[in-house]
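target.cif (mmCIF, C-alpha atoms)
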data_entry
loop_
_atom_site.label_atom_id
_atom_site.label_comp_id
_atom_site.auth_asym_id
_atom_site.auth_seq_id
_atom_site.Cartn_x
_atom_site.Cartn_y
_atom_site.Cartn_z
CA MET A 5 -226.39 -65.78 -84.57
CA GLY A 6 -227.65 -69.16 -85.69
CA THR A 7 -230.80 -68.79 -83.62
CA ILE A 8 -231.86 -65.55 -85.31
CA GLU A 9 -230.94 -66.84 -88.76
CA ASP A 10 -233.05 -69.94 -88.09
CA TYR A 11 -235.91 -67.73 -86.93
CA LEU A 12 -235.71 -65.63 -90.10
CA LYS A 13 -235.64 -68.76 -92.28
CA LYS A 14 -238.90 -69.84 -90.69
CA VAL A 15 -240.47 -66.40 -91.14
CA GLN A 16 -239.51 -65.98 -94.81
CA PRO A 17 -241.90 -68.53 -96.42
CA LEU A 18 -244.69 -67.47 -94.04
CA ALA A 19 -244.24 -63.81 -94.96
CA ASP A 20 -244.12 -64.67 -98.67
CA ARG A 21 -247.36 -66.60 -98.35
CA GLU A 22 -249.07 -63.58 -96.78
CA MET A 23 -247.77 -61.27 -99.52
CA GLU A 24 -249.19 -63.63 -102.14
CA LYS A 25 -252.58 -63.39 -100.44
CA VAL A 26 -252.41 -59.61 -100.71
CA PHE A 27 -251.02 -59.54 -104.26
CA PRO A 28 -251.37 -62.74 -106.31
CA ARG A 29 -248.90 -63.89 -108.95
CA THR A 30 -251.67 -64.02 -111.54
CA ILE A 31 -254.09 -61.11 -111.64
CA GLY A 32 -257.68 -62.21 -112.05
CA LYS A 33 -261.16 -60.78 -111.85
CA LYS A 34 -261.60 -61.80 -108.20
CA TRP A 35 -258.58 -59.81 -107.00
CA LEU A 36 -259.37 -56.84 -109.25
CA GLU A 37 -262.90 -56.53 -107.90
CA TYR A 38 -261.62 -56.94 -104.34
CA ALA A 39 -258.82 -54.38 -104.64
CA LEU A 40 -260.16 -51.93 -107.24
CA ASP A 41 -263.94 -52.52 -107.28
CA ARG A 42 -265.91 -53.62 -110.31
CA ALA A 43 -264.76 -52.36 -113.69
CA ASP A 44 -267.00 -49.90 -115.50
CA PHE A 45 -265.84 -51.31 -118.84
CA ALA A 46 -263.43 -54.26 -119.16
CA TYR A 47 -260.51 -55.77 -117.24
CA ASP A 48 -257.25 -56.76 -118.93
CA GLU A 49 -255.99 -59.42 -116.52
CA GLU A 50 -253.24 -60.59 -118.88
CA THR A 51 -251.63 -57.15 -119.18
CA LEU A 52 -251.79 -56.53 -115.43
CA THR A 53 -250.21 -59.93 -114.79
CA LYS A 54 -247.41 -59.26 -117.29
CA GLY A 55 -246.90 -55.57 -116.48
CA ALA A 56 -247.33 -55.60 -112.70
CA ALA A 57 -247.46 -59.04 -111.06
CA GLU A 58 -244.55 -60.61 -112.96
CA PRO A 59 -242.02 -57.78 -112.40
CA ILE A 60 -243.00 -57.45 -108.74
CA TRP A 61 -242.80 -61.18 -108.04
CA ASP A 62 -239.56 -61.42 -110.00
CA LEU A 63 -238.02 -59.25 -107.29
CA LEU A 64 -239.85 -60.84 -104.34
CA ASP A 65 -238.83 -64.34 -105.46
CA ARG A 66 -235.15 -63.41 -105.31
CA GLY A 67 -235.30 -63.72 -101.55
CA GLY A 68 -234.50 -61.17 -98.91
CA LYS A 69 -234.37 -61.80 -95.19
CA ARG A 70 -237.92 -60.60 -94.41
CA LEU A 71 -236.53 -58.69 -91.44
CA ARG A 72 -239.51 -56.35 -91.26
CA PRO A 73 -242.20 -59.05 -91.01
CA ALA A 74 -240.09 -60.66 -88.28
CA LEU A 75 -239.94 -57.34 -86.44
CA VAL A 76 -243.72 -56.84 -86.73
CA MET A 77 -244.25 -60.27 -85.18
CA LEU A 78 -241.69 -59.85 -82.41
CA ALA A 79 -242.96 -56.40 -81.42
CA CYS A 80 -246.52 -57.71 -81.30
CA GLU A 81 -245.55 -60.74 -79.21
CA ALA A 82 -243.42 -58.62 -76.87
CA VAL A 83 -246.49 -56.61 -75.82
CA GLY A 84 -248.68 -59.70 -75.42
CA GLY A 85 -250.29 -59.73 -78.87
CA LYS A 86 -250.86 -62.60 -81.31
CA LYS A 87 -248.00 -63.17 -83.75
CA GLU A 88 -250.41 -64.82 -86.22
CA LEU A 89 -252.30 -61.57 -86.75
CA ALA A 90 -249.03 -59.62 -86.93
CA LEU A 91 -247.81 -61.97 -89.67
CA LYS A 92 -251.03 -61.45 -91.65
CA MET A 93 -250.50 -57.66 -91.52
CA SER A 94 -246.76 -57.80 -92.31
CA PRO A 95 -247.15 -57.30 -96.11
CA LEU A 96 -247.99 -53.70 -95.27
CA VAL A 97 -244.30 -53.06 -94.59
CA GLU A 98 -242.60 -55.77 -96.65
CA LEU A 99 -244.25 -54.87 -99.96
CA ILE A 100 -243.49 -51.19 -99.34
CA HIS A 101 -239.86 -52.02 -98.52
CA ASN A 102 -239.41 -53.93 -101.78
CA GLY A 103 -241.08 -51.10 -103.67
CA THR A 104 -238.47 -48.72 -102.30
CA LEU A 105 -235.74 -51.06 -103.60
CA ILE A 106 -237.11 -50.89 -107.14
CA GLU A 107 -237.35 -47.09 -106.96
CA ASP A 108 -233.93 -46.78 -105.34
CA ASP A 109 -232.29 -48.87 -108.06
CA CYS A 110 -233.82 -46.62 -110.74
CA GLU A 111 -232.66 -43.46 -108.98
CA ASP A 112 -229.14 -44.81 -108.43
CA SER A 113 -228.82 -46.39 -111.89
CA SER A 114 -227.92 -49.64 -110.13
CA GLU A 115 -227.24 -52.77 -112.16
CA THR A 116 -227.84 -55.69 -109.80
CA ARG A 117 -230.19 -56.50 -106.95
CA ARG A 118 -229.99 -59.80 -105.05
CA GLY A 119 -227.74 -61.34 -107.67
CA LYS A 120 -229.81 -60.47 -110.77
CA LYS A 121 -230.31 -57.50 -113.07
CA CYS A 122 -232.38 -54.74 -111.51
CA THR A 123 -236.06 -54.51 -112.37
CA HIS A 124 -235.63 -51.40 -114.52
CA LEU A 125 -233.01 -53.20 -116.65
CA LEU A 126 -235.22 -56.25 -117.15
CA TYR A 127 -238.58 -54.55 -117.71
CA GLY A 128 -237.79 -50.91 -118.46
CA ILE A 129 -237.66 -47.78 -116.33
CA ASP A 130 -241.32 -46.95 -116.94
CA VAL A 131 -242.52 -50.34 -115.67
CA ALA A 132 -240.12 -50.26 -112.70
CA VAL A 133 -241.13 -46.77 -111.57
CA ASN A 134 -244.83 -47.59 -111.86
CA ASP A 135 -244.61 -50.97 -110.15
CA GLY A 136 -242.35 -49.66 -107.39
CA ALA A 137 -244.94 -46.96 -106.66
CA ALA A 138 -247.79 -49.49 -106.86
CA MET A 139 -246.13 -51.54 -104.11
CA TYR A 140 -246.62 -48.59 -101.76
CA PHE A 141 -250.40 -48.90 -102.19
CA ILE A 142 -251.17 -52.56 -102.91
CA PRO A 143 -250.99 -53.61 -99.23
CA LEU A 144 -253.45 -50.89 -98.21
CA THR A 145 -256.16 -53.42 -99.07
CA LEU A 146 -255.34 -54.79 -95.61
CA LEU A 147 -256.73 -51.54 -94.20
CA TYR A 148 -259.59 -50.47 -96.46
CA ARG A 149 -260.95 -54.02 -96.86
CA ASN A 150 -259.89 -54.94 -93.30
CA PRO A 151 -260.11 -58.73 -93.85
CA TYR A 152 -258.78 -59.50 -90.36
CA LYS A 153 -261.32 -57.32 -88.56
CA LEU A 154 -259.00 -54.87 -86.84
CA LYS A 155 -260.68 -52.40 -84.55
CA GLU A 156 -261.56 -49.06 -86.11
CA LYS A 157 -259.12 -47.29 -83.77
CA GLN A 158 -256.30 -49.61 -84.86
CA VAL A 159 -257.03 -49.03 -88.55
CA ARG A 160 -256.98 -45.26 -88.04
CA LYS A 161 -253.70 -45.39 -86.16
CA ILE A 162 -252.10 -47.54 -88.87
CA TYR A 163 -253.30 -45.19 -91.62
CA ASP A 164 -251.78 -42.23 -89.77
CA LEU A 165 -248.56 -44.16 -89.22
CA TYR A 166 -248.38 -45.18 -92.88
CA SER A 167 -248.94 -41.60 -94.09
CA GLN A 168 -246.19 -40.10 -91.98
CA GLU A 169 -243.65 -42.84 -92.61
CA MET A 170 -244.13 -42.76 -96.39
CA LEU A 171 -243.52 -39.02 -96.43
CA ARG A 172 -240.38 -39.54 -94.37
CA VAL A 173 -239.10 -42.14 -96.84
CA SER A 174 -239.32 -39.65 -99.71
CA MET A 175 -237.63 -36.89 -97.70
CA GLY A 176 -234.77 -39.20 -96.75
CA GLN A 177 -234.32 -40.26 -100.34
CA ALA A 178 -234.34 -36.62 -101.44
CA MET A 179 -231.45 -35.89 -99.06
CA ASP A 180 -229.48 -38.94 -100.15
CA ILE A 181 -229.90 -38.19 -103.87
CA TRP A 182 -228.92 -34.53 -103.48
CA TRP A 183 -225.82 -35.46 -101.52
CA HIS A 184 -224.53 -38.23 -103.76
CA ARG A 185 -224.84 -35.88 -106.73
CA GLY A 186 -222.20 -33.80 -104.96
CA ASN A 187 -224.56 -30.84 -104.48
CA LYS A 188 -223.57 -30.35 -100.84
CA THR A 189 -219.96 -30.51 -99.76
CA GLU A 190 -220.18 -30.13 -95.99
CA ILE A 191 -222.47 -32.75 -94.44
CA SER A 192 -222.47 -33.31 -90.68
CA GLU A 193 -222.75 -36.70 -89.02
CA GLN A 194 -225.98 -35.54 -87.37
CA GLU A 195 -227.47 -34.69 -90.79
CA TYR A 196 -226.41 -38.09 -92.09
CA LEU A 197 -228.03 -39.89 -89.17
CA GLN A 198 -231.27 -37.98 -89.71
CA MET A 199 -231.20 -38.96 -93.37
CA CYS A 200 -230.87 -42.58 -92.24
CA VAL A 201 -233.83 -42.12 -89.89
CA TYR A 202 -235.94 -40.97 -92.82
CA LYS A 203 -234.66 -43.34 -95.47
CA THR A 204 -234.08 -46.60 -93.61
CA GLY A 205 -235.22 -46.13 -90.03
CA VAL A 206 -238.82 -45.39 -91.00
CA LEU A 207 -239.67 -48.89 -92.22
CA THR A 208 -238.17 -50.62 -89.18
CA ARG A 209 -239.91 -48.04 -87.01
CA PHE A 210 -243.10 -48.69 -89.00
CA SER A 211 -242.67 -52.44 -88.44
CA ALA A 212 -242.17 -52.14 -84.69
CA LYS A 213 -245.05 -49.68 -84.23
CA LEU A 214 -247.32 -51.76 -86.47
CA GLY A 215 -246.67 -54.80 -84.27
CA ALA A 216 -247.31 -52.70 -81.17
CA ILE A 217 -250.64 -51.37 -82.50
CA ILE A 218 -251.80 -54.86 -83.53
CA GLY A 219 -250.80 -56.16 -80.09
CA ASN A 220 -252.74 -53.39 -78.29
CA ALA A 221 -249.60 -51.98 -76.69
CA SER A 222 -249.70 -49.13 -74.22
CA GLU A 223 -248.77 -45.69 -75.53
CA LYS A 224 -245.45 -45.97 -73.69
CA GLN A 225 -244.67 -49.35 -75.24
CA GLU A 226 -245.68 -48.21 -78.73
CA LYS A 227 -243.45 -45.14 -78.52
CA ALA A 228 -240.49 -47.09 -77.10
CA LEU A 229 -240.80 -49.83 -79.73
CA GLY A 230 -241.02 -47.22 -82.49
CA LYS A 231 -237.85 -45.52 -81.31
CA PHE A 232 -236.09 -48.87 -81.02
CA GLY A 233 -237.18 -49.85 -84.53
CA GLU A 234 -235.99 -46.53 -85.90
CA THR A 235 -232.58 -46.92 -84.26
CA ILE A 236 -231.95 -50.46 -85.45
CA GLY A 237 -232.89 -49.23 -88.92
CA ILE A 238 -230.08 -46.68 -88.73
CA ALA A 239 -227.69 -49.34 -87.46
CA PHE A 240 -228.81 -51.67 -90.26
CA GLN A 241 -228.01 -48.96 -92.83
CA ILE A 242 -224.56 -48.39 -91.31
CA GLN A 243 -223.85 -52.14 -91.41
CA ASP A 244 -225.11 -52.25 -95.01
CA ASP A 245 -222.67 -49.46 -95.88
CA ILE A 246 -219.83 -51.31 -94.15
CA LEU A 247 -220.58 -54.53 -96.02
CA ASN A 248 -220.66 -52.64 -99.31
CA LEU A 249 -217.00 -51.78 -98.80
CA ALA A 250 -215.76 -54.71 -96.73
CA GLY A 251 -218.21 -57.61 -96.98
CA GLU A 252 -217.22 -60.37 -99.40
CA GLU A 253 -220.60 -62.10 -99.41
CA PHE A 254 -222.45 -58.82 -99.92
CA GLN A 255 -220.17 -57.93 -102.81
CA LYS A 256 -221.17 -61.10 -104.64
CA GLY A 257 -224.78 -59.94 -104.72
CA LYS A 258 -224.52 -56.23 -105.35
CA GLY A 259 -221.07 -55.18 -106.50
CA ILE A 260 -217.80 -54.23 -104.88
CA GLY A 261 -217.91 -50.70 -103.56
CA GLU A 262 -221.07 -49.77 -105.46
CA ASP A 263 -221.66 -46.99 -102.93
CA ILE A 264 -218.44 -45.37 -104.17
CA HIS A 265 -219.68 -45.57 -107.75
CA GLU A 266 -222.96 -43.95 -106.65
CA GLY A 267 -221.10 -41.21 -104.75
CA LYS A 268 -222.83 -42.08 -101.47
CA ARG A 269 -221.96 -39.90 -98.47
CA THR A 270 -221.98 -42.64 -95.85
CA ILE A 271 -220.91 -42.21 -92.24
CA MET A 272 -217.56 -43.73 -93.19
CA VAL A 273 -217.04 -41.21 -95.98
CA LEU A 274 -217.92 -38.33 -93.66
CA HIS A 275 -215.52 -39.63 -91.00
CA ALA A 276 -212.73 -40.08 -93.55
CA LEU A 277 -213.25 -36.57 -94.96
CA GLN A 278 -213.06 -35.15 -91.45
CA HIS A 279 -209.82 -36.93 -90.54
CA ALA A 280 -207.88 -37.28 -93.83
CA GLY A 281 -205.19 -34.86 -94.89
CA GLU A 282 -206.18 -32.25 -97.47
CA PRO A 283 -204.79 -34.10 -100.56
CA GLU A 284 -206.57 -37.35 -99.64
CA LYS A 285 -209.75 -35.48 -98.73
CA GLN A 286 -209.86 -33.74 -102.10
CA ARG A 287 -209.05 -36.98 -103.91
CA LEU A 288 -211.88 -38.82 -102.15
CA ILE A 289 -214.35 -36.05 -103.05
CA GLU A 290 -213.10 -36.11 -106.65
CA ILE A 291 -213.62 -39.89 -106.89
CA LEU A 292 -217.10 -39.76 -105.36
CA ASN A 293 -218.22 -36.94 -107.64
CA SER A 294 -216.93 -38.75 -110.74
CA HIS A 295 -219.05 -41.88 -110.03
CA PRO A 296 -216.26 -44.22 -111.16
CA THR A 297 -216.81 -47.60 -112.78
CA GLU A 298 -213.14 -48.66 -112.79
CA GLN A 299 -212.50 -51.03 -109.89
CA ALA A 300 -208.98 -49.63 -109.33
CA VAL A 301 -210.40 -46.14 -108.70
CA ILE A 302 -213.12 -47.51 -106.42
CA ASN A 303 -210.47 -49.44 -104.47
CA GLU A 304 -208.42 -46.25 -104.12
CA ALA A 305 -211.36 -44.54 -102.42
CA ILE A 306 -211.90 -47.55 -100.15
CA GLU A 307 -208.24 -47.46 -99.10
CA ILE A 308 -208.49 -43.77 -98.17
CA ILE A 309 -211.51 -44.61 -96.02
CA LYS A 310 -209.81 -47.59 -94.40
CA LYS A 311 -206.69 -45.56 -93.67
CA GLN A 312 -208.70 -43.26 -91.38
CA ASP A 313 -210.14 -46.28 -89.45
CA SER A 314 -213.53 -45.08 -90.65
CA ILE A 315 -214.98 -48.58 -91.06
CA GLU A 316 -214.21 -49.45 -87.44
CA TYR A 317 -215.62 -46.10 -86.34
CA ALA A 318 -218.88 -46.85 -88.17
CA ARG A 319 -219.06 -50.34 -86.68
CA GLU A 320 -218.69 -49.00 -83.13
CA LYS A 321 -221.24 -46.25 -83.83
CA ALA A 322 -223.84 -48.82 -84.89
CA LYS A 323 -223.23 -50.91 -81.78
CA ALA A 324 -223.51 -47.88 -79.50
CA LEU A 325 -226.80 -46.79 -81.10
CA VAL A 326 -228.38 -50.21 -80.64
CA LYS A 327 -227.12 -50.54 -77.06
CA ALA A 328 -228.59 -47.15 -76.12
CA ALA A 329 -231.91 -47.91 -77.82
CA TRP A 330 -232.28 -51.26 -76.05
CA LYS A 331 -231.52 -49.65 -72.70
CA LYS A 332 -234.54 -47.37 -73.22
CA LEU A 333 -236.85 -50.11 -74.53
CA ALA A 334 -236.12 -52.92 -72.06
CA PRO A 335 -237.95 -51.40 -69.03
CA ALA A 336 -241.15 -50.95 -71.11
CA LEU A 337 -241.48 -54.68 -71.87
CA LYS A 338 -242.20 -57.61 -69.57
CA GLU A 339 -239.74 -60.47 -69.61
CA SER A 340 -240.63 -62.99 -72.31
CA ALA A 341 -239.14 -65.17 -75.03
CA ALA A 342 -240.20 -62.52 -77.59
CA LYS A 343 -238.34 -59.80 -75.67
CA LYS A 344 -235.16 -61.88 -75.65
CA THR A 345 -235.48 -62.66 -79.36
CA LEU A 346 -236.06 -58.96 -80.05
CA LYS A 347 -232.73 -58.15 -78.38
CA ASP A 348 -230.96 -60.92 -80.31
CA PHE A 349 -232.57 -59.63 -83.51
CA ALA A 350 -231.09 -56.16 -82.97
CA ASP A 351 -227.63 -57.61 -82.31
CA TYR A 352 -227.88 -59.70 -85.47
CA LEU A 353 -228.54 -56.66 -87.66
CA ILE A 354 -225.22 -55.07 -86.71
CA GLU A 355 -223.13 -58.26 -86.70
CA ARG A 356 -224.39 -59.93 -89.90
CA LYS A 357 -221.89 -60.71 -92.63
CA ILE A 358 -224.33 -60.47 -95.56
#
Please go through the file and, once you have read it, give me the structure as structure tokens.
Amino acid sequence: MGTIEDYLKKVQPLADREMEKVFPRTIGKKWLEYALDRADFAYDEETLTKGAAEPIWDLLDRGGKRLRPALVMLACEAVGGKKELALKMSPLVELIHNGTLIEDDCEDSSETRRGKKCTHLLYGIDVAVNDGAAMYFIPLTLLYRNPYKLKEKQVRKIYDLYSQEMLRVSMGQAMDIWWHRGNKTEISEQEYLQMCVYKTGVLTRFSAKLGAIIGNASEKQEKALGKFGETIGIAFQIQDDILNLAGEEFQKGKGIGEDIHEGKRTIMVLHALQHAGEPEKQRLIEILNSHPTEQAVINEAIEIIKKQDSIEYAREKAKALVKAAWKKLAPALKESAAKKTLKDFADYLIERKI
């Protein structure tokens, strides 16, 4: 565990530096002309700094593990590519990921993110929605300006990858929102897992495939790494859901049982609904649909879930998914330090405590 955590600590400031190259803290004429072309009339650098750069960097400066940049680098190295180039391209996924957090917090009416008030509470919903969306497009300067001289074929492949994965993100979020509103009562585990593929798995899949493309991977390697990335994304989401109910450190940063308040249909909820007696099943549905704020009511729902051993079931499911995914990926990669670290990275995602 310590090894991967040390690795991530080294990656974090490097990834932040690359994001600042792509989107500076202070918006000036140089960046505006580079990203948007010359103005026909007049720039307002001050407003863009206050209304876009400051809210976005307020979130980025709160930390985050920078898992996706690490995955881009490891995937690239594992196929024989240069990690330095992978790092330079990593803002393409990390800025998008943080944009989804801003949007997600708006949609869920969340209150805290990484220990502080959510962006929409600090700057307003209008600013948050706009800046979250902007973060989906800001890193595309890495493609249409192509500062690191990627081959034309690589740029095309990354554009295609970006387009499909961004559509998947929105479809996954649509499913999650519809469910936690209580609009569908019978949700299968398979439907839940597919939602996770779309909502969370896409950006880890994006990261792994991006690293593969930059590293000039074979088609077989690119496909295997993409599937592996997708699967560890699902496992990451399951572990996130577990920590939301049972992780003390996580609770300090986001709130105890916030998923219950939001009415989330997690794999644990689905398992509990399948195995609980009818009175407890109906009570759990009632609590989820009421979006409670009282901690006693939230704790009641958590106890129903725990009683069915649903947390342990989810934990074992995540481990099984990662084990199966690695079994498929391992033969496609030559033995290397990056390959070993990639395996350790996957294990870390499902064993982390925060």
The PyMOL selection byres ((chain A and resi 295) around 12) - which residues does that actually catch in the file I just gave you? List them as JSON, numbers by chain.
{"A": [112, 113, 114, 184, 185, 186, 261, 262, 263, 264, 265, 266, 267, 268, 288, 289, 290, 291, 292, 293, 294, 296, 297, 298, 299, 301, 302, 305]}
Residues near Gly219 in chain A, cut-off 8 Å, all atoms listed in the file, skip fewer than 3 positions along chain, as a PyMOL selection string
chain A and resi 79-81+83-86+90+215-216
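Contact shell of range 28-45 of chain A at 10 Å (all atoms listed in the file; same-chain neighbours under 2 positions omitted): Arg21, Glu22, Met23, Glu24, Lys25, Val26, Tyr47, Asp48, Glu49, Glu50, Thr51, Leu52, Thr53, Lys54, Ala56, Ala57, Glu58, Pro59, Ile60, Trp61, Asp62, Ile142, Pro143, Leu144, Thr145, Leu146, Tyr148 and Arg149 of chain A.
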Spatial neighbours of Ala334 in chain A, 9 Å, only C-alpha atoms, chain gap at least 6 places, as an MDAnalysis selection string
chainID A and resid 228 343 347
Sel. within 12 Å of pt (-230.6, -37.8, -88.5), counting all atoms listed in the file, output as a ChimeraX atom specification
/A:172,175-176,179-180,191-206,234-235,237-239,271
Atomic distance CA of Asp108 in chain A - CA of Met272 in chain A, expressed in Å with one decimal
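These atoms are spaced 20.6 Å apart.
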Who sits within 8 Å of range 156-166 of chain A, all atoms listed in the file, same chain under 4 positions skipped, as a list in words
Leu147, Met170, Phe210, Leu214, Ile217 and Ile218 of chain A
Have a look at A:Gln286, A:Asn303, A:Gln177, A:Gln241 and name the one nearest to Asp109 in chain A; count all atoms listed in the file.
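Closest residue, counting all atoms listed in the file: A:Gln177.
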Rounded to one decimal in Å, what is the spacing between CA of Thr345 in chain A and CA of Ser167 in chain A?
29.0 Å
Which residue out of A:Thr189, A:Gln312, A:Thr208, A:Asn134 has the minimum interatomic distance to Arg72 in chain A when all atoms listed in the file are used?
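Among the listed residues, the smallest separation from Arg72 in chain A belongs to A:Thr208.
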As a check of understanding, name the residues that the PyMOL selection byres ((chain A and resi 313) around 12) selects in the supplied structure, as a list in words.
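Taken on the displayed file, the PyMOL selection byres ((chain A and resi 313) around 12) yields the residues Ile246, Ile271, Met272, Val273, Leu274, His275, Ala276, Leu277, Gln278, His279, Ala280, Ile306, Glu307, Ile308, Ile309, Lys310, Lys311, Gln312, Ser314, Ile315, Glu316, Tyr317, Ala318, Arg319 and Glu320 of chain A.
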So that I can see what lies close to Asn102 in chain A, please list as a ChimeraX atom specification the residues with an atom at most 9 Å from it, counting only C-alpha atoms and leaving out residues fewer than 5 positions away in the same chain.
/A:60,63-64,97,107,136,139-140
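When CA of Glu282 in chain A is paired with CA of Asp245 in chain A, their separation reads 23.9 Å.
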Find, counting all atoms listed in the file, the residue in A:Asn150, A:Cys110, A:Arg118, A:Leu125 that gets nearest to Met93 in chain A.
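Among A:Asn150, A:Cys110, A:Arg118, A:Leu125, it is A:Asn150 that comes nearest to Met93 in chain A.
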Taking (-240.3, -59.7, -82.1) in the file's own coordinates, collect the residues within 6 Å, counting all atoms listed in the file, and hand them back as a VMD selection string.
chain A and resid 75 77 to 79 342 346
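Closest approach to Thr7 in chain A among A:Phe349, A:Lys321, A:Ala74, A:Lys331: A:Phe349, based on all atoms listed in the file.
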Using the chain letters and residue numbers of this document, give as a PyMOL selection string the residues selected by the PyMOL selection byres ((chain A and resi 70) around 9).
chain A and resi 12-13+15-16+19-20+67-69+71-75+98
Quick one: axis-aligned box around all listed atoms of range 207-212 of chain A, 3 Å on every side, centre and edge lengths in Å to one decimal, written as JSON.
{"center_x": -240.6, "center_y": -50.2, "center_z": -88.5, "size_x": 10.9, "size_y": 10.4, "size_z": 13.5}
